$ cat start.txt   # compact mmCIF, C-alpha atoms
# COMPACT_ATOMS: atom_id res chain seq x y z
CA MET O 291 -41.49 -33.66 11.49
CA ILE O 292 -44.45 -35.81 10.52
CA TRP O 293 -42.24 -37.41 7.88
CA TRP O 294 -39.57 -38.23 10.43
CA ILE O 295 -42.25 -40.00 12.49
CA ALA O 296 -43.52 -41.82 9.40
CA LEU O 297 -39.95 -42.83 8.57
CA LEU O 298 -39.30 -44.22 12.04
CA VAL O 299 -42.65 -46.04 12.19
CA ALA O 300 -42.04 -47.58 8.75
CA ALA O 301 -38.52 -48.62 9.75
CA LEU O 302 -39.81 -50.15 12.97
CA LEU O 303 -42.52 -52.08 11.12
CA SER O 304 -39.96 -53.28 8.61
CA PHE O 305 -37.74 -54.53 11.43
CA GLY O 306 -40.73 -56.11 13.20
CA ILE O 307 -41.67 -58.08 10.09
CA LYS O 308 -38.13 -59.36 9.67
CA LEU O 309 -37.91 -60.28 13.36
CA THR O 310 -41.28 -62.08 13.32
CA GLY O 311 -39.90 -64.67 10.92
CA HIS O 312 -36.98 -65.32 13.24
CA LEU O 313 -39.35 -65.78 16.20
CA ILE O 314 -41.65 -68.37 14.63
CA PRO O 315 -41.47 -71.32 17.07
CA GLU O 316 -39.05 -74.04 16.08
CA THR O 317 -41.69 -76.73 16.65
CA TRP O 318 -43.80 -75.28 13.83
CA LEU O 319 -40.84 -75.65 11.49
CA ALA O 320 -39.58 -79.09 12.50
CA HIS O 321 -42.13 -81.19 10.60
CA PRO O 322 -40.64 -82.76 7.41
CA ALA O 323 -43.57 -81.52 5.33
CA VAL O 324 -42.86 -77.96 6.49
CA ARG O 325 -39.20 -78.37 5.57
CA ARG O 326 -40.15 -79.64 2.11
CA THR O 327 -42.54 -76.75 1.60
CA ALA O 328 -39.86 -74.34 2.82
CA ASP O 329 -37.47 -75.68 0.16
CA LEU O 330 -40.10 -75.15 -2.50
CA LEU O 331 -40.86 -71.66 -1.15
CA THR O 332 -37.15 -70.79 -1.50
CA VAL O 333 -37.22 -71.81 -5.16
CA CYS O 334 -40.44 -69.90 -5.83
CA LEU O 335 -39.34 -66.72 -4.05
CA LEU O 336 -36.03 -66.71 -5.93
CA ALA O 337 -37.79 -67.31 -9.24
CA ALA O 338 -40.26 -64.52 -8.46
CA LEU O 339 -37.33 -62.21 -7.62
CA VAL O 340 -35.65 -63.07 -10.93
CA ALA O 341 -38.86 -62.36 -12.87
CA LYS O 342 -39.48 -59.11 -10.99
CA GLN O 343 -35.93 -57.85 -11.32
CA THR O 344 -35.66 -58.81 -15.02
CA LEU O 345 -39.03 -57.98 -16.47
CA THR O 346 -40.94 -55.47 -14.38
CA SER O 347 -40.71 -51.74 -14.07
CA GLY O 348 -42.93 -50.05 -11.50
CA THR O 349 -46.32 -51.68 -11.87
CA GLY O 350 -45.87 -52.93 -15.42
CA VAL O 351 -44.05 -55.60 -17.38
CA ALA O 352 -41.12 -54.14 -19.31
CA VAL O 353 -38.69 -55.66 -21.82
CA ASP O 354 -35.40 -53.77 -21.95
CA ALA O 355 -31.62 -54.31 -21.83
CA ARG O 356 -32.01 -56.48 -18.72
CA VAL O 357 -33.52 -59.33 -20.77
CA PRO O 358 -30.50 -60.00 -23.06
CA ALA O 359 -28.22 -59.39 -20.05
CA VAL O 360 -29.98 -62.08 -18.02
CA ALA O 361 -30.03 -64.42 -21.05
CA VAL O 362 -26.24 -64.09 -21.26
CA ALA O 363 -26.07 -64.68 -17.49
CA ALA O 364 -28.07 -67.91 -17.91
CA LEU O 365 -25.69 -69.07 -20.63
CA LEU O 366 -22.69 -68.36 -18.37
CA LEU O 367 -24.31 -70.19 -15.45
CA TRP O 368 -24.94 -73.18 -17.70
CA ARG O 369 -21.24 -73.07 -18.63
CA LYS O 370 -20.36 -73.00 -14.89
CA ALA O 371 -18.88 -69.51 -14.90
CA PRO O 372 -18.02 -68.08 -11.44
CA PHE O 373 -20.79 -66.10 -9.76
CA ILE O 374 -18.97 -62.76 -9.84
CA VAL O 375 -18.26 -63.14 -13.57
CA VAL O 376 -21.94 -63.82 -14.26
CA VAL O 377 -22.99 -60.70 -12.33
CA ALA O 378 -20.32 -58.47 -13.89
CA VAL O 379 -20.98 -59.63 -17.47
CA ALA O 380 -24.73 -59.07 -17.02
CA ALA O 381 -24.06 -55.50 -15.88
CA GLY O 382 -21.70 -55.01 -18.84
CA VAL O 383 -24.20 -56.31 -21.40
CA ALA O 384 -26.98 -54.06 -20.09
CA ALA O 385 -24.68 -51.05 -19.83
CA GLY O 386 -23.33 -51.69 -23.35
CA LEU O 387 -26.79 -51.99 -24.90
CA ARG O 388 -27.92 -48.82 -23.15
CA ALA O 389 -24.79 -46.99 -24.33
CA LEU O 390 -25.80 -48.01 -27.85
CA GLY O 391 -29.20 -46.50 -27.19
CA TRP O 392 -31.38 -49.57 -26.64
CA GLY O 393 -33.30 -50.53 -23.50
CA MET S 18 -34.17 -84.74 -1.91
CA GLN S 19 -32.71 -81.98 0.22
CA ARG S 20 -29.56 -84.01 0.56
CA GLU S 21 -29.21 -84.61 -3.17
CA GLN S 22 -29.71 -80.96 -3.98
CA SER S 23 -27.24 -79.95 -1.36
CA SER S 24 -24.51 -82.24 -2.53
CA ARG S 25 -24.96 -81.16 -6.12
CA GLY S 26 -25.02 -77.58 -5.03
CA ARG S 27 -21.69 -78.06 -3.39
CA ALA S 28 -20.23 -79.68 -6.49
CA ASP S 29 -21.11 -76.58 -8.48
CA ARG S 30 -19.75 -74.30 -5.85
CA VAL S 31 -16.51 -76.13 -5.43
CA SER S 32 -15.74 -75.92 -9.13
CA ARG S 33 -16.78 -72.28 -9.18
CA SER S 34 -14.70 -71.33 -6.21
CA SER S 35 -11.65 -72.87 -7.81
CA ASP S 36 -12.41 -70.85 -10.94
CA ILE S 37 -12.47 -67.69 -8.87
CA ALA S 38 -9.30 -68.47 -7.02
CA GLY S 39 -7.59 -69.41 -10.27
CA ASP S 40 -5.93 -72.53 -8.84
CA PRO S 41 -6.93 -76.19 -8.97
CA PRO S 42 -9.18 -77.64 -6.26
CA ALA S 43 -7.38 -79.06 -3.26
CA ASP S 44 -8.85 -82.52 -3.66
CA ASN S 45 -9.75 -84.19 -6.88
CA THR S 46 -13.09 -85.75 -6.13
CA PRO S 47 -15.30 -86.96 -8.98
CA ASP S 48 -17.37 -83.79 -8.51
CA ASN S 49 -14.47 -81.62 -9.42
CA ALA S 50 -13.30 -83.85 -12.23
CA THR S 51 -16.66 -83.60 -13.97
CA GLY S 52 -17.43 -80.11 -12.76
CA ASN S 53 -16.89 -78.44 -16.10
CA THR S 54 -18.41 -80.89 -18.56
CA PRO S 55 -21.60 -79.73 -20.19
CA GLY S 56 -23.25 -83.04 -19.23
CA ASN S 57 -23.07 -82.00 -15.59
CA THR S 58 -25.37 -79.02 -15.91
CA PRO S 59 -28.01 -78.42 -13.27
CA GLY S 60 -30.53 -79.64 -15.83
CA ASP S 61 -29.56 -83.25 -15.19
CA THR S 62 -31.40 -85.50 -12.81
CA PRO S 63 -29.93 -85.27 -9.34
CA GLY S 64 -26.89 -87.43 -8.79
CA ASN S 65 -26.91 -89.59 -5.71
CA THR S 66 -23.44 -91.03 -5.41
CA PRO S 67 -22.66 -92.43 -1.98
CA GLY S 68 -20.05 -90.47 -0.11
CA ASN S 69 -21.05 -87.32 -1.93
CA THR S 70 -22.75 -85.84 1.08
CA PRO S 71 -22.06 -82.26 2.12
CA GLY S 72 -19.17 -81.48 4.36
CA ASP S 73 -17.79 -84.98 4.73
CA THR S 74 -14.20 -83.72 4.77
CA PRO S 75 -12.79 -80.56 6.35
CA GLY S 76 -11.41 -79.50 2.95
CA ASP S 77 -14.85 -79.58 1.36
CA GLU S 78 -16.29 -77.58 4.23
CA THR S 79 -13.56 -74.96 3.86
CA GLU S 80 -14.19 -74.76 0.12
CA ALA S 81 -17.92 -74.39 0.70
CA ARG S 82 -17.39 -71.62 3.25
CA SER S 83 -14.97 -69.75 1.04
CA ALA S 84 -17.40 -70.00 -1.89
CA ALA S 85 -20.22 -68.69 0.34
CA LEU S 86 -18.02 -65.79 1.45
CA LYS S 87 -17.19 -64.86 -2.14
CA GLN S 88 -20.84 -64.99 -3.20
CA GLY S 89 -21.87 -62.92 -0.21
CA MET S 90 -19.27 -60.27 -0.94
CA SER S 91 -19.90 -60.10 -4.67
CA ILE S 92 -23.64 -59.68 -4.18
CA GLY S 93 -22.78 -57.06 -1.56
CA LEU S 94 -20.85 -55.13 -4.16
CA ALA S 95 -23.48 -55.43 -6.90
CA THR S 96 -26.39 -54.54 -4.61
CA GLY S 97 -24.54 -52.05 -2.43
CA ALA S 98 -23.53 -49.98 -5.45
CA TYR S 99 -27.21 -49.64 -6.23
CA GLY S 100 -27.55 -47.64 -3.01
CA ILE S 101 -26.13 -44.69 -4.92
CA SER S 102 -29.31 -44.53 -6.97
CA PHE S 103 -31.43 -44.61 -3.85
CA GLY S 104 -29.42 -41.81 -2.27
CA ALA S 105 -29.60 -39.64 -5.37
CA LEU S 106 -33.30 -40.26 -6.04
CA ALA S 107 -34.39 -39.72 -2.44
CA VAL S 108 -32.61 -36.37 -2.19
CA ALA S 109 -33.83 -35.34 -5.63
CA GLY S 110 -37.36 -36.14 -4.40
CA GLY S 111 -36.98 -33.73 -1.50
CA LEU S 112 -35.97 -35.90 1.47
CA SER S 113 -33.11 -34.45 3.51
CA ILE S 114 -29.71 -36.13 3.47
CA TRP S 115 -30.29 -37.28 7.07
CA GLN S 116 -33.69 -38.76 6.24
CA THR S 117 -32.18 -40.54 3.24
CA VAL S 118 -29.34 -41.97 5.30
CA ALA S 119 -31.74 -42.96 8.10
CA LEU S 120 -33.94 -44.89 5.66
CA SER S 121 -30.99 -46.99 4.50
CA ALA S 122 -29.64 -47.57 8.00
CA LEU S 123 -32.95 -48.27 9.75
CA MET S 124 -35.36 -49.63 7.16
CA PHE S 125 -32.68 -51.41 5.12
CA THR S 126 -34.80 -53.00 2.43
CA GLY S 127 -34.38 -51.44 -0.98
CA ALA S 128 -37.84 -51.79 -2.48
CA SER S 129 -39.56 -50.38 0.62
CA GLN S 130 -37.11 -47.46 0.74
CA PHE S 131 -37.67 -46.56 -2.91
CA ALA S 132 -41.43 -46.73 -2.37
CA PHE S 133 -41.27 -44.54 0.74
CA ALA S 134 -39.11 -41.92 -0.98
CA SER S 135 -41.19 -41.86 -4.14
CA ILE S 136 -44.46 -41.42 -2.24
CA PHE S 137 -42.87 -38.52 -0.39
CA ALA S 138 -41.62 -37.08 -3.71
CA VAL S 139 -45.07 -37.06 -5.34
CA GLY S 140 -46.65 -35.44 -2.28
CA GLY S 141 -48.40 -38.56 -0.99
CA SER S 142 -49.52 -38.98 2.61
CA PRO S 143 -47.21 -40.30 5.35
CA LEU S 144 -49.76 -43.07 5.98
CA ALA S 145 -49.55 -44.19 2.35
CA ALA S 146 -45.76 -44.23 2.57
CA VAL S 147 -45.81 -46.35 5.74
CA THR S 148 -48.45 -48.75 4.37
CA THR S 149 -46.77 -49.28 1.01
CA SER S 150 -43.28 -49.76 2.41
CA THR S 151 -44.64 -52.22 4.99
CA MET S 152 -46.55 -54.25 2.39
CA LEU S 153 -43.42 -54.41 0.27
CA GLY S 154 -41.57 -55.85 3.25
CA LEU S 155 -44.09 -58.59 4.09
CA ARG S 156 -42.14 -61.24 2.20
CA HIS S 157 -39.43 -61.03 4.87
CA ILE S 158 -41.64 -62.96 7.32
CA SER S 159 -40.95 -66.14 5.40
CA TYR S 160 -37.21 -65.44 5.26
CA GLY S 161 -36.69 -65.65 9.02
CA ALA S 162 -38.48 -69.00 9.04
CA LEU S 163 -36.48 -70.31 6.06
CA LEU S 164 -33.27 -69.30 7.83
CA ALA S 165 -34.26 -70.91 11.15
CA PRO S 166 -32.46 -74.27 10.63
CA THR S 167 -29.29 -72.37 9.67
CA LEU S 168 -29.16 -69.60 12.24
CA ARG S 169 -30.88 -70.92 15.37
CA PRO S 170 -30.27 -70.93 18.25
CA MET S 171 -29.34 -67.25 18.52
CA HIS S 172 -28.66 -64.87 21.38
CA PRO S 173 -31.42 -62.22 21.45
CA PHE S 174 -28.93 -59.54 20.41
CA THR S 175 -27.61 -61.65 17.52
CA ARG S 176 -31.20 -62.34 16.53
CA ALA S 177 -31.96 -58.63 16.39
CA VAL S 178 -28.90 -58.03 14.20
CA ALA S 179 -29.80 -61.02 12.01
CA ALA S 180 -33.35 -59.67 11.67
CA GLN S 181 -32.09 -56.30 10.47
CA LEU S 182 -29.82 -58.04 7.94
CA THR S 183 -32.60 -60.34 6.70
CA ILE S 184 -33.11 -59.17 3.12
CA ASP S 185 -33.51 -60.79 -0.30
CA GLU S 186 -29.76 -60.96 -0.89
CA SER S 187 -28.54 -62.36 2.44
CA THR S 188 -31.36 -64.95 2.48
CA ALA S 189 -30.77 -65.98 -1.12
CA VAL S 190 -27.01 -66.37 -0.66
CA ALA S 191 -27.55 -68.40 2.54
CA LEU S 192 -30.13 -70.77 1.06
CA ALA S 193 -28.02 -71.42 -2.05
CA GLN S 194 -25.18 -72.95 0.04
CA PRO S 195 -24.79 -76.71 0.58
CA THR S 196 -23.95 -77.01 4.29
CA ARG S 197 -25.20 -75.43 7.50
CA GLU S 198 -21.87 -73.72 8.16
CA SER S 199 -21.57 -72.35 4.63
CA ARG S 200 -25.19 -71.13 4.81
CA LYS S 201 -24.27 -69.24 7.95
CA VAL S 202 -21.24 -67.72 6.23
CA GLY S 203 -23.40 -66.86 3.22
CA PHE S 204 -26.02 -65.12 5.34
CA TRP S 205 -23.61 -63.05 7.41
CA SER S 206 -21.21 -62.17 4.58
CA GLY S 207 -24.11 -61.22 2.27
CA GLY S 208 -25.96 -59.31 4.98
CA VAL S 209 -22.97 -57.41 6.39
CA SER S 210 -21.42 -56.54 3.03
CA VAL S 211 -24.73 -55.31 1.60
CA TYR S 212 -25.40 -53.33 4.79
CA ILE S 213 -22.04 -51.56 4.78
CA LEU S 214 -21.94 -50.84 1.06
CA TRP S 215 -25.64 -49.99 0.72
CA ASN S 216 -25.30 -47.37 3.47
CA ALA S 217 -21.99 -46.00 2.19
CA PHE S 218 -23.33 -45.68 -1.35
CA THR S 219 -26.60 -44.16 -0.10
CA LEU S 220 -24.58 -41.39 1.55
CA ALA S 221 -22.47 -40.93 -1.59
CA GLY S 222 -25.60 -40.74 -3.74
CA ALA S 223 -27.31 -38.33 -1.34
CA LEU S 224 -24.28 -36.01 -1.35
CA ALA S 225 -23.76 -36.18 -5.09
CA GLY S 226 -27.49 -35.83 -5.85
CA SER S 227 -28.45 -35.46 -9.45
CA ARG S 228 -24.83 -35.29 -10.66
CA ILE S 229 -24.73 -39.11 -10.57
CA GLY S 230 -26.90 -39.68 -13.60
CA ASP S 231 -28.91 -42.86 -14.08
CA PRO S 232 -27.34 -45.86 -12.25
CA ASN S 233 -29.14 -48.17 -14.65
CA ALA S 234 -26.78 -46.86 -17.33
CA TRP S 235 -24.18 -48.97 -15.49
CA GLY S 236 -26.41 -52.04 -15.76
CA LEU S 237 -26.79 -52.42 -11.99
CA ASP S 238 -30.42 -53.51 -12.34
CA ALA S 239 -29.35 -56.30 -14.70
CA ALA S 240 -26.54 -57.24 -12.29
CA ALA S 241 -29.08 -57.73 -9.49
CA ALA S 242 -31.30 -59.86 -11.77
CA ALA S 243 -28.31 -62.00 -12.78
CA ALA S 244 -27.32 -62.42 -9.13
CA PHE S 245 -30.78 -63.73 -8.22
CA LEU S 246 -30.67 -66.07 -11.21
CA GLY S 247 -27.27 -67.34 -10.08
CA LEU S 248 -28.66 -68.06 -6.62
CA LEU S 249 -31.75 -69.76 -8.05
CA TRP S 250 -29.64 -71.92 -10.38
CA SER S 251 -28.43 -74.45 -7.80
CA HIS S 252 -32.05 -75.12 -6.77
CA LEU S 253 -33.22 -76.17 -10.23
CA LYS S 254 -32.09 -79.80 -10.10
CA THR S 255 -35.42 -81.56 -10.55
CA PRO S 256 -38.10 -81.10 -13.23
CA HIS S 257 -40.54 -80.37 -10.40
CA ALA S 258 -38.37 -77.52 -9.08
CA ARG S 259 -37.92 -76.15 -12.62
CA TRP S 260 -41.58 -75.99 -13.56
CA THR S 261 -42.61 -74.65 -10.15
CA ALA S 262 -39.97 -71.93 -10.47
CA ALA S 263 -41.20 -71.10 -13.98
CA LEU S 264 -44.76 -70.92 -12.67
CA ALA S 265 -43.71 -68.53 -9.87
CA GLY S 266 -41.95 -66.31 -12.42
CA VAL S 267 -44.89 -66.21 -14.83
CA LEU S 268 -47.37 -65.55 -12.00
CA THR S 269 -45.23 -62.67 -10.73
CA LEU S 270 -45.37 -61.03 -14.16
CA ALA S 271 -49.10 -61.71 -14.54
CA LEU S 272 -49.92 -60.24 -11.11
CA THR S 273 -47.63 -57.21 -11.35
CA PRO S 274 -50.11 -54.94 -13.18
CA LEU S 275 -53.03 -56.17 -11.05
CA LEU S 276 -51.85 -55.81 -7.45
CA PRO S 277 -50.24 -53.06 -5.37
CA ALA S 278 -46.45 -53.09 -5.37
CA GLY S 279 -44.96 -55.70 -3.05
CA LEU S 280 -47.81 -58.19 -3.19
CA PRO S 281 -47.24 -59.84 -6.62
CA LEU S 282 -43.99 -61.48 -5.53
CA LEU S 283 -45.40 -62.83 -2.29
CA ILE S 284 -48.69 -64.06 -3.75
CA ALA S 285 -47.08 -65.55 -6.88
CA ALA S 286 -44.66 -67.52 -4.71
CA ALA S 287 -47.49 -68.68 -2.43
CA ILE S 288 -49.67 -69.86 -5.33
CA ALA S 289 -46.74 -71.63 -7.02
CA VAL S 290 -45.84 -73.41 -3.76
CA ALA S 291 -49.48 -74.47 -3.28
CA ILE S 292 -49.71 -75.86 -6.83
CA GLY S 293 -46.27 -77.46 -6.51
CA GLU S 294 -47.24 -79.22 -3.27
CA TRP S 295 -50.62 -80.27 -4.62
CA SER S 296 -48.99 -81.78 -7.73
CA ARG S 297 -46.78 -84.01 -5.58
CA LYS S 298 -49.76 -85.79 -4.05
$ encode --input "start.txt" --output "structure tokens"
Amino acid sequence: MIWWIALLVAALLSFGIKLTGHLIPETWLAHPAVRRTADLLTVCLLAALVAKQTLTSGTGVAVDARVPAVAVAALLLWRKAPFIVVVAVAAGVAAGLRALGWG
Amino acid sequence: MQREQSSRGRADRVSRSSDIAGDPPADNTPDNATGNTPGNTPGDTPGNTPGNTPGDTPGDETEARSAALKQGMSIGLATGAYGISFGALAVAGGLSIWQTVALSALMFTGASQFAFASIFAVGGSPLAAVTTSTMLGLRHISYGALLAPTLRPMHPFTRAVAAQLTIDESTAVALAQPTRESRKVGFWSGGVSVYILWNAFTLAGALAGSRIGDPNAWGLDAAAAAAFLGLLWSHLKTPHARWTAALAGVLTLALTPLLPAGLPLLIAAAIAVAIGEWSRK
């Protein structure tokens, strides 16, 4: 029972955090400098997500099959491959390497 | 600068969408003609051709929306499938099927859900589970603000739904699109498709339990990394954007062993933005 309560409280907090961002007053966001910073924040959050998803495992840095998979993805993006192809090939590279027993 | 990035972003997307559809683009603008030459990589300095602004013809707008829809749905598939690992791991850790399903439906943010379930599994306290999952979710505050120019104004009910669907994937797909309308399409298609598939696969994983095996054997973790890279790509037009992005990535890795889960990403991004802004002065 206590875990059900914890679950619902955590879910409510999670929703509250997401909603807070949507309730930030428009006037705070209208200034050009804020817009410019928001653009930069987008870039930095995405880059941080890429680094986290490619190179971390739990609370440590880990190099495994994801690294060559993402390298191939970068090559495909540079060659203007469609998004879905990039994602599918990355999964295939990682799955293939793991099937061979690495990473 | 926003305008330049946007127009270039659209050029990429238009050529990509025609690749997906397998037929030539409807109009043959210079963007499309040069879309596949290596010289037109995002590494170039931003182009600023007049008349190359986003959405100046209905055809371009349709192309941009259709590209946003495809990106939203493909990231939905890649991320949603990962729900199977959450379902299996949560049940293996001792949560009931209902609790597992409730976490995906109500909390709906992968990292926080995994943290909650794993703290339960190792016999941690409910307070620790709530605190950790909440800290992991803090980054979402900035997402609602970043999405404001795209989604507002919203009816309170729509806003509540949008808030629930505000996750890494829906935000990233939205912000990678060139026009306001295509950003909207990107947000809703990414958010809805991830929500449906994430919950369906969570249930499948919870029912199948340990029979699933390791989802990483299918490379789904690498697929998610590649998807984020694909969404980042269209933002890397200027040297300033590239080195700030690199800094954010390096800082994330450096902070990962030092800080509790959830904080490295947020703090790395904040520091990189601060240094990036300071360097412009």
$ closest_residue --input "start.txt" --among "S:Thr148, S:Ala81, S:Met90, S:Val108" --to "O:Ala300" --atoms "only C-alpha atoms"
S:Thr148
$ atom_distance --input "start.txt" --atom1 "atom CA of S:Ile114" --atom2 "atom CA of S:Gln130"
13.8 Å
$ atom_distance --input "start.txt" --atom1 "atom CA of S:Ser251" --atom2 "atom CA of S:Ala128"
25.1 Å
$ residues_around --input "start.txt" --residues "stretch 214-226 of chain S" --least-positions-apart "6" --cutoff "6 Å" --atoms "all atoms listed in the file" --output "ChimeraX atom specification"
/S:97-98,100-101,104-105,108,114,121
$ write_last_selection --input "start.txt" --atoms "C-alpha atoms" --output "PDB file, in the coordinates of the input"
ATOM      1  CA  GLY S  97     -24.540 -52.050  -2.430  1.00  0.00           C
ATOM      2  CA  ALA S  98     -23.530 -49.980  -5.450  1.00  0.00           C
ATOM      3  CA  GLY S 100     -27.550 -47.640  -3.010  1.00  0.00           C
ATOM      4  CA  ILE S 101     -26.130 -44.690  -4.920  1.00  0.00           C
ATOM      5  CA  GLY S 104     -29.420 -41.810  -2.270  1.00  0.00           C
ATOM      6  CA  ALA S 105     -29.600 -39.640  -5.370  1.00  0.00           C
ATOM      7  CA  VAL S 108     -32.610 -36.370  -2.190  1.00  0.00           C
ATOM      8  CA  ILE S 114     -29.710 -36.130   3.470  1.00  0.00           C
ATOM      9  CA  SER S 121     -30.990 -46.990   4.500  1.00  0.00           C
TER      10      SER S 121
END
$ atom_distance --input "start.txt" --atom1 "atom CA of S:Gly154" --atom2 "atom CA of O:Ala381"
25.9 Å
$ closest_residue --input "start.txt" --among "O:Leu331, O:Ala384, O:Ala352, O:Leu366" --to "S:Ala262" --atoms "all atoms listed in the file"
O:Leu331
$ residues_around --input "start.txt" --residues "O:Ala363" --least-positions-apart "3" --cutoff "8 Å" --atoms "all atoms listed in the file" --output "ChimeraX atom specification"
/O:359-360,366-367,376-377,379-380 /S:243,246-247
$ closest_atom_pairs --input "start.txt" --of "stretch 125-227 of chain S" --to "stretch 308-328 of chain O" --cutoff "7 Å" --atoms "only C-alpha atoms" --output "Markdown table"
| residue | atom | partner | partner_atom | distance |
| --- | --- | --- | --- | --- |
| S:His157 | CA | O:Lys308 | CA | 5.2 |
| S:Ile158 | CA | O:Gly311 | CA | 4.3 |
| S:Ser159 | CA | O:Gly311 | CA | 5.8 |
| S:Tyr160 | CA | O:Gly311 | CA | 6.3 |
| S:Gly161 | CA | O:Gly311 | CA | 3.9 |
| S:Ala162 | CA | O:Gly311 | CA | 4.9 |
| S:Leu163 | CA | O:Ala328 | CA | 6.2 |
| S:Ala165 | CA | O:His312 | CA | 6.6 |
| S:Ala177 | CA | O:Leu309 | CA | 6.9 |
| S:Ala180 | CA | O:Leu309 | CA | 4.9 |
| S:Gln181 | CA | O:Lys308 | CA | 6.8 |
| S:Thr183 | CA | O:Lys308 | CA | 6.4 |
$ residues_around --input "start.txt" --residues "O:Ala337" --least-positions-apart "3" --cutoff "8 Å" --atoms "only C-alpha atoms" --output "PyMOL selection string"
(chain O and resi 333-334+340-341) or (chain S and resi 245-246+249+262-263+265-266)
